[in-house]
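Notes follow once the structure below has been shown.
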Amino acid sequence: MGHATRCIPIITALIKANYIPIIASDGDALILLQKEFPHLKSYRLPSYNIRYTKSSKGLKLKLLLSVPNIVAAVKKERILVEKLIKSEQIEGVISDNRFGVYSKNIPSVYITHQLNVLSGITTYFTSKIHQRIIKNFDECWVPDLDGELNFSGKLGHSKKSSFNLKYLGVLSRFNYKNEEVKYDLLVLLSGPEPQRSLLENKLLVELESFKGKVLFVRGVLSNQCKNVNSNHLEVVNYLLSNELEKVINQSKFVISRSGYSTVMDLAVLGKKAFFIPTSGQYEQEYLAKQLKEKLIAPFVTQQNFKLEDLNELDRFSGFKRLKTSFNLDFFSLFNGK
């Protein structure tokens, strides 16, 4: 979902630059983009079918066992992309971490904040594999700031790279607005199952005794909402960009995963946040530790979270408000300039 949400400002910029974007994705990411851009044509891509385990133990093995499914999906999407290029007369491709969405016949761009893919003792190998995939594209766009003042750290910055790198700056679909505080706490859930549900159940129990008004966004694209018998806690399945932007601006604090797109969103809105990284996801754990070391935001592991941990927020500064300013010159690649 994070990959889909950070594509929203790029799609918006394409429309502003008089291009006609065509959306292609799968699952909830596709549903979200279709809801955000109902007037745009869209296609369904093969799913990579990546699922997480209930605990961090065995996660690496499960991901390894999913490699054949990913390879098969990449082959299918390569065929589909070439068909779409011909049928839709496509002039360029922008892929956010879809390995097979590129063409040797037209300009192709890869978006990632992970030039280096952290995976513990296998980091060297996973990084090299990902970098080899990036070389299939004409350019690699990194949604981050170049230089020392950045958010992705060693994930999105490499001392040596053999591909055409461009840094987009902070990338978010949101804008800051001076809203009156309506919620003492906003919970933003996201990510793959079963970890999303595990965190949801834990937070609903912990927040029963929270003193203040809570808005709980489950991050599930479903019409069937969860019933919660509480006067201070409001639960919704999902919110579209304009609605979510409003409630984040109206919230004093935010609890969320430390996913990179979420970090970008909260940085643009200048919020104080408490992070709970997905168990076993090295990237989120790294980002959470980085932000804690910079005294921007505290974090705790999912299994150890207790309501009183939120008292840590008083010791942290929160994000300094930044602004997304996507440079339309990045699209010159598609004009043959």
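If you're wondering about the labels, chains in the structure tokens are A, B, ... by order shown, residues count from 1 in each chain, ligands from 1 in order shown.
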Closest atom pairs, residues of range 198-302 of chain A within 9 Å of range 11-32 of chain A, only C-alpha atoms, as CSV:
```
residue,atom,partner,partner_atom,distance
A:Val220,CA,A:Asp28,CA,8.1
A:Leu221,CA,A:Asp28,CA,6.6
A:Leu240,CA,A:Leu32,CA,7.9
```
Kindly export the residues of the current selection with N, CA and C atoms, as a PDB file, in the first residue's frame.
```pdb
ATOM      1  N   VAL A 220      -7.864  -1.397   5.932  1.00  0.00           N
ATOM      2  CA  VAL A 220      -8.463  -2.534   5.233  1.00  0.00           C
ATOM      3  C   VAL A 220      -9.502  -2.014   4.255  1.00  0.00           C
ATOM      4  N   LEU A 221      -9.366  -2.371   2.983  1.00  0.00           N
ATOM      5  CA  LEU A 221     -10.312  -1.899   1.971  1.00  0.00           C
ATOM      6  C   LEU A 221     -11.509  -2.833   1.923  1.00  0.00           C
ATOM      7  N   LEU A 240      -9.718   7.792   2.090  1.00  0.00           N
ATOM      8  CA  LEU A 240      -9.038   8.248   0.888  1.00  0.00           C
ATOM      9  C   LEU A 240      -8.139   9.428   1.232  1.00  0.00           C
TER      10      LEU A 240
END
```
**Message:** Let's see if you can do this: from backbone DSSP, list all helix (DSSP H, G or I) residues in range 171-282 of chain A, as JSON, numbers by chain.
**Reply:** {"A": [195, 196, 197, 198, 199, 200, 201, 202, 203, 204, 205, 206, 207, 208, 209, 241, 242, 243, 244, 245, 246, 247, 248, 249, 260, 261, 262, 263, 264, 265, 266, 267, 268, 269, 282]}
**Request:** Show which residues sit within 8 Å of Thr112 in chain A, as a count of residues only. Count only C-alpha atoms, and ignore same-chain residues fewer than 5 positions away.
**Result:** 7
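Proximity ranking of A:Leu165, A:Ile85, A:Leu185, A:Ile296 relative to Ile255 in chain A places A:Leu185 first, based on only C-alpha atoms.
Take CA of Leu84 in chain A and CA of Cys7 in chain A: the distance between them is 19.4 Å.
Proximity of A:Leu310, A:Ala73, A:Val81, A:Leu322 to Asn105 in chain A, computed with only C-alpha atoms, is greatest for A:Val81.
For Gly100 in chain A, the residues within 6 Å (counting only C-alpha atoms, excluding itself and residues fewer than 3 positions away along the chain) are A:Val74, A:Glu77, A:Arg78.
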Restricted to N, CA and C atoms, what would the selected residues look like written as a compact mmCIF listing (two decimals), in the first residue's frame?
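Saved to part28.txt:
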```txt
# COMPACT_ATOMS: atom_id res chain seq x y z
N VAL A 74 6.78 -12.18 -12.23
CA VAL A 74 7.58 -11.23 -13.01
C VAL A 74 7.54 -11.59 -14.49
N GLU A 77 4.16 -10.54 -15.83
CA GLU A 77 3.98 -9.10 -15.98
C GLU A 77 4.83 -8.55 -17.12
N ARG A 78 5.98 -9.17 -17.40
CA ARG A 78 6.79 -8.75 -18.55
C ARG A 78 5.99 -8.91 -19.84
```
**Asked** Any idea what's packed within 10 Å of Ile8 in chain A, counting only C-alpha atoms, ignoring anything in its chain fewer than 5 positions away? Could you give it as JSON, numbers by chain?
**Response** {"A": [3, 13, 14, 32, 33, 36, 37, 171, 172, 173, 174, 241]}
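For the set A:Gln284, A:Val254, A:Ile276, A:Asn69, the residue with the smallest atom-to-atom gap to Phe319 in chain A is A:Val254, counting only C-alpha atoms.
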Do you know which residues are at most 9 Å from Val247 in chain A counting only C-alpha atoms, after dropping those on the same chain fewer than 6 positions away, and could you put them as a PDB file with C-alpha atoms, in the first residue's frame?
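out_14.pdb written:
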```pdb
ATOM      1  CA  GLU A 179      -6.475  22.280  11.570  1.00  0.00           C
ATOM      2  CA  VAL A 181      -6.984  19.244  17.051  1.00  0.00           C
ATOM      3  CA  LYS A 182      -9.901  16.806  17.067  1.00  0.00           C
ATOM      4  CA  TYR A 183      -8.168  13.540  18.029  1.00  0.00           C
ATOM      5  CA  LEU A 186      -4.622   8.584  15.491  1.00  0.00           C
ATOM      6  CA  LEU A 215      -9.460   7.513  15.631  1.00  0.00           C
TER       7      LEU A 215
END
```
Pick out the residues sitting within 12 Å of Phe274 in chain A, and hand them over as an mmCIF file with C-alpha atoms, in the first residue's frame; count only C-alpha atoms, and ignore anything fewer than 5 positions along from it in its own chain.
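Output file out.cif follows:
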```
data_model
loop_
_atom_site.group_PDB
_atom_site.id
_atom_site.type_symbol
_atom_site.label_atom_id
_atom_site.label_comp_id
_atom_site.auth_asym_id
_atom_site.auth_seq_id
_atom_site.Cartn_x
_atom_site.Cartn_y
_atom_site.Cartn_z
ATOM 1 C CA LEU A 185 -4.410 9.880 19.056
ATOM 2 C CA LEU A 186 -4.622 8.584 15.491
ATOM 3 C CA VAL A 187 -3.812 4.939 14.747
ATOM 4 C CA LEU A 188 -2.765 4.183 11.160
ATOM 5 C CA LYS A 252 -2.058 15.367 18.178
ATOM 6 C CA PHE A 253 -0.113 12.093 17.980
ATOM 7 C CA VAL A 254 0.091 9.190 15.505
ATOM 8 C CA ILE A 255 0.778 5.488 16.072
ATOM 9 C CA SER A 256 1.832 3.589 12.955
ATOM 10 C CA ARG A 257 4.234 1.171 11.349
ATOM 11 C CA SER A 258 7.609 2.648 10.446
ATOM 12 C CA THR A 262 4.389 6.592 6.251
ATOM 13 C CA VAL A 263 7.598 8.271 7.432
ATOM 14 C CA LEU A 266 4.406 12.288 8.655
ATOM 15 C CA ALA A 288 12.575 3.162 13.510
ATOM 16 C CA LYS A 289 16.012 2.950 15.148
ATOM 17 C CA LEU A 291 14.439 8.080 13.933
ATOM 18 C CA LYS A 292 14.844 7.232 17.607
ATOM 19 C CA LEU A 295 15.257 11.978 18.771
ATOM 20 C CA ILE A 296 12.458 12.407 16.211
ATOM 21 C CA ALA A 297 10.207 9.522 17.265
ATOM 22 C CA PRO A 298 10.233 6.628 19.779
ATOM 23 C CA PHE A 299 9.463 3.029 18.896
ATOM 24 C CA VAL A 300 8.889 -0.334 20.528
ATOM 25 C CA THR A 301 8.519 -3.865 19.199
ATOM 26 C CA GLN A 302 5.028 -5.163 18.553
ATOM 27 C CA PHE A 305 4.036 -2.491 23.300
ATOM 28 C CA LYS A 306 2.139 -1.216 26.343
ATOM 29 C CA LEU A 307 -0.065 1.859 26.630
ATOM 30 C CA GLU A 308 2.365 3.540 29.032
ATOM 31 C CA ASP A 309 5.032 3.491 26.290
ATOM 32 C CA LEU A 310 3.266 6.483 24.750
ATOM 33 C CA ASN A 311 4.667 8.602 27.604
ATOM 34 C CA GLU A 312 7.960 8.456 25.692
ATOM 35 C CA LEU A 313 6.537 10.912 23.139
ATOM 36 C CA ASP A 314 7.313 13.809 25.494
ATOM 37 C CA ARG A 315 11.056 13.238 25.041
ATOM 38 C CA PHE A 316 11.001 13.436 21.242
ATOM 39 C CA SER A 317 10.774 16.421 18.900
ATOM 40 C CA GLY A 318 8.568 14.953 16.186
ATOM 41 C CA PHE A 319 9.125 15.613 12.494
#
```
**Request:** Within range 130-306 of chain A, find each residue whose DSSP state, derived from the backbone, is strand (DSSP E or B), and express the selection as an NGL selection string.
**Result:** :A and (139-142 or 165-167 or 183-188 or 214-217 or 233-236 or 251-256 or 272-275 or 299)
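Between Ile134 in chain A and the residues A:Tyr110, A:Tyr167, A:Phe331, A:Tyr260, the shortest atom-to-atom distance, using only C-alpha atoms, involves A:Tyr110.
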